[in-house]
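Reproduced below: query07.txt, with compact mmCIF, C-alpha atoms and all ligand atoms.
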# COMPACT_ATOMS: atom_id res chain seq x y z
CA MET A 1 -21.02 10.81 28.87
CA LYS A 2 -21.99 10.22 25.23
CA SER A 3 -24.86 7.80 24.67
CA LEU A 4 -24.47 4.43 22.98
CA GLU A 5 -26.39 5.70 19.99
CA GLU A 6 -24.22 8.81 19.62
CA ARG A 7 -21.05 6.73 19.79
CA ARG A 8 -22.40 4.16 17.36
CA ALA A 9 -23.52 6.81 14.86
CA ASN A 10 -20.14 8.55 15.08
CA VAL A 11 -18.23 5.34 14.30
CA LEU A 12 -20.64 4.33 11.53
CA ALA A 13 -20.18 7.69 9.84
CA ARG A 14 -16.38 7.75 10.20
CA TRP A 15 -15.45 4.14 9.54
CA ARG A 16 -17.46 3.19 6.44
CA GLY A 17 -15.09 2.27 3.63
CA GLY A 18 -11.98 3.02 5.69
CA LEU A 19 -8.84 1.44 7.10
CA ILE A 20 -8.40 0.60 10.79
CA VAL A 21 -4.80 0.03 11.85
CA SER A 22 -4.13 -2.40 14.68
CA CYS A 23 -1.16 -1.04 16.64
CA GLN A 24 0.04 -3.85 18.87
CA ALA A 25 3.40 -5.23 19.94
CA ALA A 26 4.11 -8.63 21.45
CA ALA A 27 5.13 -8.73 25.10
CA GLY A 28 8.91 -8.54 25.26
CA SER A 29 9.24 -6.47 22.08
CA PRO A 30 11.06 -3.14 22.55
CA LEU A 31 8.00 -1.64 20.82
CA ALA A 32 5.66 -2.71 23.61
CA ARG A 33 5.61 0.70 25.28
CA PRO A 34 2.66 3.09 25.43
CA GLU A 35 4.56 6.01 23.89
CA ILE A 36 5.59 3.86 20.91
CA ILE A 37 2.08 2.46 20.44
CA ALA A 38 0.83 6.07 20.56
CA ALA A 39 3.36 7.10 17.88
CA LEU A 40 2.22 4.23 15.65
CA ALA A 41 -1.43 5.23 16.15
CA LEU A 42 -0.70 8.88 15.33
CA THR A 43 1.21 7.77 12.22
CA ALA A 44 -1.89 5.79 11.18
CA GLU A 45 -4.16 8.80 11.73
CA LEU A 46 -1.89 11.27 9.90
CA ASN A 47 -1.75 8.97 6.88
CA GLY A 48 -5.47 8.46 6.48
CA ALA A 49 -6.59 5.60 8.74
CA VAL A 50 -10.12 6.04 10.11
CA GLY A 51 -9.53 4.13 13.35
CA VAL A 52 -7.03 2.18 15.42
CA ARG A 53 -7.23 -1.07 17.38
CA ILE A 54 -5.31 -0.88 20.65
CA ASP A 55 -4.58 -3.52 23.32
CA GLY A 56 -4.58 -2.67 27.02
CA PRO A 57 -5.69 0.28 29.18
CA ALA A 58 -2.24 1.92 29.40
CA ASN A 59 -1.84 1.90 25.62
CA VAL A 60 -5.42 3.10 25.06
CA ALA A 61 -4.84 6.02 27.46
CA ALA A 62 -1.57 7.00 25.73
CA VAL A 63 -3.18 6.80 22.27
CA ARG A 64 -6.23 8.81 23.42
CA ARG A 65 -3.96 11.70 24.33
CA VAL A 66 -2.62 12.05 20.77
CA ILE A 67 -5.31 11.06 18.24
CA SER A 68 -8.90 12.03 17.52
CA ILE A 69 -10.08 9.11 15.33
CA PRO A 70 -12.12 6.39 17.10
CA ILE A 71 -10.19 3.86 19.18
CA LEU A 72 -11.29 0.23 19.17
CA GLY A 73 -10.04 -1.00 22.55
CA ILE A 74 -9.28 -4.55 23.59
CA GLU A 75 -7.56 -6.13 26.55
CA LYS A 76 -5.87 -9.45 25.95
CA VAL A 77 -5.93 -11.44 29.19
CA ILE A 78 -4.89 -15.08 29.48
CA TYR A 79 -6.75 -17.15 32.07
CA GLY A 80 -5.56 -20.72 32.73
CA GLY A 81 -8.04 -23.27 31.42
CA PHE A 82 -9.78 -20.90 28.98
CA ASP A 83 -9.15 -20.32 25.27
CA VAL A 84 -10.74 -16.87 25.10
CA TYR A 85 -8.26 -14.03 25.63
CA ILE A 86 -9.56 -10.99 23.74
CA THR A 87 -11.41 -8.89 26.35
CA PRO A 88 -12.65 -12.03 28.08
CA THR A 89 -14.58 -10.36 30.92
CA PHE A 90 -16.82 -7.34 31.52
CA ALA A 91 -14.18 -5.91 33.87
CA ALA A 92 -11.61 -5.96 31.03
CA ALA A 93 -14.04 -4.13 28.74
CA ALA A 94 -14.74 -1.54 31.45
CA ARG A 95 -10.99 -0.89 31.89
CA VAL A 96 -10.43 -0.07 28.21
CA VAL A 97 -13.54 2.12 28.04
CA ARG A 98 -12.45 4.02 31.15
CA SER A 99 -9.06 4.57 29.50
CA GLY A 100 -10.66 6.27 26.49
CA ALA A 101 -11.77 3.62 23.97
CA ASP A 102 -14.76 4.59 21.80
CA LEU A 103 -15.78 0.99 21.27
CA VAL A 104 -14.71 -2.41 22.54
CA ALA A 105 -13.86 -5.61 20.68
CA LEU A 106 -14.30 -8.89 22.48
CA ASP A 107 -14.14 -12.61 21.77
CA GLY A 108 -17.43 -13.29 20.00
CA THR A 109 -17.28 -17.09 20.08
CA LEU A 110 -19.42 -19.17 22.41
CA ARG A 111 -16.41 -20.76 24.09
CA PRO A 112 -16.49 -20.82 27.91
CA ARG A 113 -15.35 -17.65 29.66
CA PRO A 114 -13.72 -17.00 33.03
CA GLN A 115 -15.82 -16.04 36.06
CA GLY A 116 -18.93 -17.74 34.65
CA GLU A 117 -19.63 -14.85 32.28
CA THR A 118 -21.36 -15.40 28.93
CA LEU A 119 -21.12 -13.63 25.57
CA PRO A 120 -24.74 -12.32 25.50
CA LYS A 121 -24.41 -10.96 29.03
CA ILE A 122 -21.09 -9.19 28.40
CA ILE A 123 -22.40 -7.61 25.19
CA ARG A 124 -25.54 -6.41 26.98
CA ARG A 125 -23.61 -4.99 29.93
CA VAL A 126 -21.03 -3.17 27.76
CA ARG A 127 -23.80 -1.58 25.71
CA GLU A 128 -26.09 -0.70 28.63
CA GLU A 129 -23.77 0.03 31.53
CA LEU A 130 -20.83 1.51 29.58
CA GLN A 131 -22.96 2.95 26.72
CA THR A 132 -20.28 1.63 24.37
CA PRO A 133 -20.71 -0.19 21.04
CA VAL A 134 -19.34 -3.73 20.77
CA VAL A 135 -17.33 -5.41 18.02
CA ALA A 136 -17.65 -9.20 18.20
CA ASP A 137 -14.46 -10.94 17.03
CA VAL A 138 -15.67 -14.17 15.43
CA ALA A 139 -14.24 -17.16 13.56
CA THR A 140 -17.29 -18.63 11.81
CA GLU A 141 -20.52 -17.66 10.08
CA ALA A 142 -22.62 -19.22 12.85
CA GLU A 143 -20.79 -17.16 15.49
CA GLY A 144 -21.21 -13.97 13.46
CA LEU A 145 -24.93 -14.54 12.98
CA ALA A 146 -25.47 -15.33 16.66
CA ALA A 147 -23.51 -12.28 17.86
CA GLY A 148 -25.10 -9.92 15.34
CA GLU A 149 -28.68 -11.17 15.23
CA GLU A 150 -29.26 -12.57 18.69
CA TYR A 151 -26.86 -10.87 21.09
CA GLY A 152 -26.88 -7.34 19.72
CA ALA A 153 -23.23 -6.81 18.72
CA ASP A 154 -22.90 -3.52 16.83
CA PHE A 155 -20.15 -4.74 14.47
CA ILE A 156 -18.73 -8.15 13.56
CA SER A 157 -15.04 -8.66 12.81
CA THR A 158 -13.51 -11.78 11.24
CA THR A 159 -10.51 -11.52 13.62
CA LEU A 160 -10.59 -15.06 14.97
CA SER A 161 -10.96 -17.00 11.71
CA GLY A 162 -7.89 -19.24 11.61
CA TYR A 163 -7.31 -19.06 15.36
CA THR A 164 -9.94 -21.43 16.81
CA ALA A 165 -10.02 -25.25 16.82
CA GLU A 166 -12.74 -25.24 14.15
CA THR A 167 -10.91 -22.85 11.78
CA ARG A 168 -7.25 -23.70 12.41
CA ASP A 169 -6.76 -24.78 8.76
CA LYS A 170 -7.58 -21.30 7.34
CA SER A 171 -4.83 -19.18 5.88
CA GLY A 172 -5.02 -15.68 4.44
CA PRO A 173 -7.89 -13.27 5.07
CA ASP A 174 -11.27 -15.03 5.32
CA PHE A 175 -12.93 -13.29 2.34
CA GLU A 176 -15.61 -15.97 2.17
CA LEU A 177 -16.65 -15.26 5.75
CA VAL A 178 -16.78 -11.52 5.00
CA GLU A 179 -18.98 -12.19 1.98
CA ARG A 180 -21.36 -14.57 3.73
CA LEU A 181 -21.78 -12.40 6.81
CA SER A 182 -22.27 -9.19 4.88
CA LYS A 183 -25.01 -10.85 2.81
CA ARG A 184 -26.77 -12.37 5.81
CA LEU A 185 -26.39 -9.45 8.25
CA ALA A 186 -27.73 -6.49 6.31
CA HIS A 187 -27.82 -4.23 9.39
CA VAL A 188 -24.60 -5.22 11.14
CA PRO A 189 -21.40 -3.91 9.50
CA ILE A 190 -18.64 -6.46 8.87
CA ILE A 191 -14.97 -5.67 9.47
CA CYS A 192 -12.45 -7.81 7.60
CA GLU A 193 -9.54 -8.50 9.96
CA GLY A 194 -6.83 -11.13 10.17
CA ARG A 195 -3.86 -11.74 7.85
CA VAL A 196 -4.65 -8.85 5.48
CA ARG A 197 -1.17 -8.54 4.02
CA ASP A 198 -1.29 -6.04 1.13
CA PRO A 199 -3.45 -3.36 -0.52
CA GLU A 200 -4.87 -5.92 -2.97
CA ASP A 201 -6.32 -7.85 0.00
CA VAL A 202 -7.93 -4.61 1.17
CA ARG A 203 -9.60 -4.04 -2.22
CA ARG A 204 -10.83 -7.61 -2.29
CA ALA A 205 -12.28 -7.33 1.23
CA PHE A 206 -14.35 -4.32 0.15
CA ASP A 207 -15.45 -6.16 -3.01
CA CYS A 208 -16.69 -8.93 -0.71
CA GLY A 209 -18.88 -6.47 1.20
CA ALA A 210 -16.65 -5.37 4.08
CA PHE A 211 -17.72 -2.19 5.88
CA ALA A 212 -14.10 -1.51 6.97
CA VAL A 213 -10.79 -3.38 6.95
CA CYS A 214 -8.41 -3.77 9.89
CA VAL A 215 -4.70 -4.39 9.26
CA GLY A 216 -2.16 -5.08 11.99
CA THR A 217 0.98 -7.13 11.38
CA ALA A 218 1.57 -6.03 7.76
CA ILE A 219 1.74 -2.37 8.87
CA THR A 220 2.81 -2.28 12.52
CA GLY A 221 4.32 -5.72 13.13
CA VAL A 222 7.94 -4.58 12.87
CA ASP A 223 9.25 -7.66 14.73
CA TRP A 224 7.37 -9.98 12.35
CA LEU A 225 8.43 -7.99 9.29
CA VAL A 226 12.12 -8.10 10.19
CA ARG A 227 11.88 -11.86 10.76
CA GLN A 228 10.28 -12.35 7.30
CA TYR A 229 13.14 -10.54 5.59
CA VAL A 230 15.84 -12.16 7.73
CA ALA A 231 14.41 -15.59 6.87
CA ALA A 232 15.15 -14.87 3.21
CA THR A 233 18.86 -14.13 3.77
CA PRO A 234 21.85 -16.44 3.28
CA VAL A 235 22.73 -15.93 6.96
CA ALA A 236 19.40 -17.45 8.01
CA LYS A 237 19.86 -20.31 5.54
CA GLU A 238 23.32 -21.06 6.95
CA ARG A 239 21.95 -21.01 10.51
CA ARG A 240 19.14 -23.39 9.57
CA GLU A 241 21.56 -25.77 7.83
CA ALA A 242 23.99 -25.67 10.78
CA ALA A 243 21.17 -26.47 13.20
CA ILE A 244 20.05 -29.41 11.06
CA ALA A 245 23.64 -30.71 10.83
CA GLU A 246 24.08 -30.35 14.61
CA ARG A 247 20.90 -32.32 15.30
CA ALA A 248 21.98 -35.06 12.83
CA ALA A 249 25.40 -35.36 14.52
CA ASP A 250 23.93 -35.51 18.04
CA PRO A 251 20.25 -36.56 17.84
CA ASN A 252 19.90 -36.77 21.66
CA GLY A 253 21.55 -33.42 22.33
CA GLU A 254 19.68 -30.40 23.69
C1 LIG A 301 -6.05 -13.63 16.55
C2 LIG A 301 -5.61 -12.42 17.37
O1 LIG A 301 -5.27 -12.55 18.52
N1 LIG A 301 -5.64 -11.23 16.73
C3 LIG A 301 -5.22 -10.04 17.41
C4 LIG A 301 -6.33 -9.21 17.78
O2 LIG A 301 -6.28 -8.16 18.30
C5 LIG A 301 -4.04 -9.34 16.82
O3 LIG A 301 -2.93 -10.08 17.26
C6 LIG A 301 -3.96 -9.17 15.29
O4 LIG A 301 -2.74 -8.54 15.01
C7 LIG A 301 -5.09 -8.33 14.71
O5 LIG A 301 -6.27 -9.08 14.74
C8 LIG A 301 -4.86 -7.90 13.26
O6 LIG A 301 -4.60 -8.99 12.44
P1 LIG A 301 -3.26 -9.06 11.56
O7 LIG A 301 -2.13 -8.76 12.48
O8 LIG A 301 -3.21 -10.45 11.01
O9 LIG A 301 -3.40 -8.02 10.48

Written as structure tokens, that's how I'd like the structure from this file.
Amino acid sequence: MKSLEERRANVLARWRGGLIVSCQAAAGSPLARPEIIAALALTAELNGAVGVRIDGPANVAAVRRVISIPILGIEKVIYGGFDVYITPTFAAAARVVRSGADLVALDGTLRPRPQGETLPKIIRRVREELQTPVVADVATEAEGLAAGEEYGADFISTTLSGYTAETRDKSGPDFELVERLSKRLAHVPIICEGRVRDPEDVRRAFDCGAFAVCVGTAITGVDWLVRQYVAATPVAKERREAAIAERAADPNGE
């Protein structure tokens, strides 16, 4: 098994200044199949991406068979009563590492976690017991500083900005968070992730001090992309108008 330091050095050398492509598909999408996720990941590699972000052990294993760039593994698990869902437990992290991930991203907020686990403890266990570097997915500057300075996360990603109670009002990539964290955390690389929609956003993220940029929906979110274009068609407009008219005619209807 490679040591934590070897893995960390490998990713640092290969990811600096590069693009990570998040290859995910929502449950229920016809794209949510390991062989399709693997094809998306290989497409990313062949066209110059330096890494991929992959959800779930079965997808990680399928991707590992076809690419050689580092895989950032996550496992999204929903537990009733908890808001954290990105690799919420040590067991989830262990599953993606066993399936072939080179590093693990996990919820880096201080929100309560299932099974009484805590962020500092999960980060320590992933690094020590799995010898695997950790990316902390954060929403705020305070969370990034805590994860990077106090709990030993190897990388910080702005993934959750816009998706927590405190940051719900944010739209677009959080360039300000990238800038603040990269100034304050000189030794912890910052990944800009979340709502990066075009190449100009990527340039701006690097200008703000990002170490790497991760793009998902704008590249691999085929379901989302089709919906955006459909929404701009006359057919969609007619459907919207018909629905409004139907509700006006029968306000108590289903
Ligand atoms: C908040 C959350 O659950 N983010 C997820 C994390 O894995 C993914 O759903 C995103 O697609 C990913 O972060 C990339 O972002 P975007 O798809 O906006 O480029």

(message) Report, in Å with one decimal, the straight-line distance from CA of Thr132 (chain A) to CA of Val97 (chain A).
(response) 7.7 Å

(message) I want to know what sits within 9 Å of Cys23 (chain A), based on all atoms listed in the file, with residues of the same chain fewer than 2 positions away left out; could you give that as a ChimeraX atom specification?
(response) /A:21,25,37-38,40-41,44,52-55,215-217,219-221

What are the centre and edge lengths in Å, to one decimal, of the axis-aligned box around all listed atoms of ligand LIG 301 (chain A) with 8 Å added on each side, as AutoDock Vina command-line options?
--center_x -4.2 --center_y -10.8 --center_z 14.5 --size_x 20.2 --size_y 21.7 --size_z 24.0

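Residues in contact with ligand LIG 301 (chain A) comprise Ser22, Gln24, Ile86, Thr159, Leu160, Tyr163, Glu193, Gly194, Arg195, Val196, Arg197, Cys214, Val215, Gly216, Thr217 and Ala218 of chain A, where contact means an atom-to-atom distance of at most 7 Å counting all atoms listed in the file.
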
(request) Just give me the gap between CA of Ala26 (chain A) and CA of Ala62 (chain A) in Å, one decimal is fine. (result)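 These two atoms are separated by 17.2 Å.
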
Please provide the set of residues having any atom within 8 Å of Gly56 (chain A), restricted to all atoms listed in the file, with same-chain residues fewer than 2 positions apart removed, written as a compact mmCIF listing (two decimals) with C-alpha atoms, in the coordinates of the input.
# COMPACT_ATOMS: atom_id res chain seq x y z
CA ILE A 54 -5.31 -0.88 20.65
CA ALA A 58 -2.24 1.92 29.40
CA ASN A 59 -1.84 1.90 25.62
CA VAL A 60 -5.42 3.10 25.06
CA GLY A 73 -10.04 -1.00 22.55
CA ILE A 74 -9.28 -4.55 23.59
CA GLU A 75 -7.56 -6.13 26.55
CA LYS A 76 -5.87 -9.45 25.95
CA VAL A 96 -10.43 -0.07 28.21

(request) May I have the residues within 12 Å of Ser157 (chain A) as a ChimeraX atom specification, using all atoms listed in the file and disregarding those fewer than 3 positions away in the same chain? (result) /A:20,53,72,104-109,134-141,143-145,147-148,153-154,160-161,173-175,177-178,181-182,188-194,205,210-215

(request) Find, counting all atoms listed in the file, the residue in A:Ser99, A:Gly17, A:Ala93, A:Arg7 that gets nearest to Pro57 (chain A). (result)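 Comparing A:Ser99, A:Gly17, A:Ala93, A:Arg7 against Pro57 (chain A), the winner is A:Ser99.
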
(message) If we count only C-alpha atoms and set the cut-off at 12 Å, which residues sit around Ala9 (chain A), ignoring sequence neighbours fewer than 5 positions away in its own chain? Please answer as a PyMOL selection string.
(response) chain A and resi 2-4+14-16+70+102-103+132-133+154

(request) Figure out the distance between CA of Gln228 (chain A) and CA of Val84 (chain A), please, to one decimal in Å. (result)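 Between these atoms lies a distance of 27.9 Å.
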
(message) Which residue is closest to Ile156 (chain A)? Choose from A:Ile78, A:Ile69, A:Ala101, A:Ala186 and count all atoms listed in the file.
(response)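 Counting all atoms listed in the file, the residue closest to Ile156 (chain A) is A:Ala186.
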
(request) Tell me which of A:Gly172, A:Tyr229, A:Tyr79, A:Ala242 sits closest to Val202 (chain A), counting all atoms listed in the file. (result) A:Gly172

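Nearest to Ala146 (chain A) of all the residues A:Arg247, A:Arg204, A:Arg184, A:Arg125 is A:Arg184, based on all atoms listed in the file.
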
(message) Using only C-alpha atoms, can you tell me which of A:Gln131, A:Ser29, A:Thr43, A:Thr89 comes closest to Pro114 (chain A)?
(response) A:Thr89

(request) Measuring atom to atom with only C-alpha atoms, identify which of A:Arg203, A:Arg113, A:Ser68, A:Val11 is nearest to Thr87 (chain A). (result)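 Smallest separation from Thr87 (chain A) among the options: A:Arg113.
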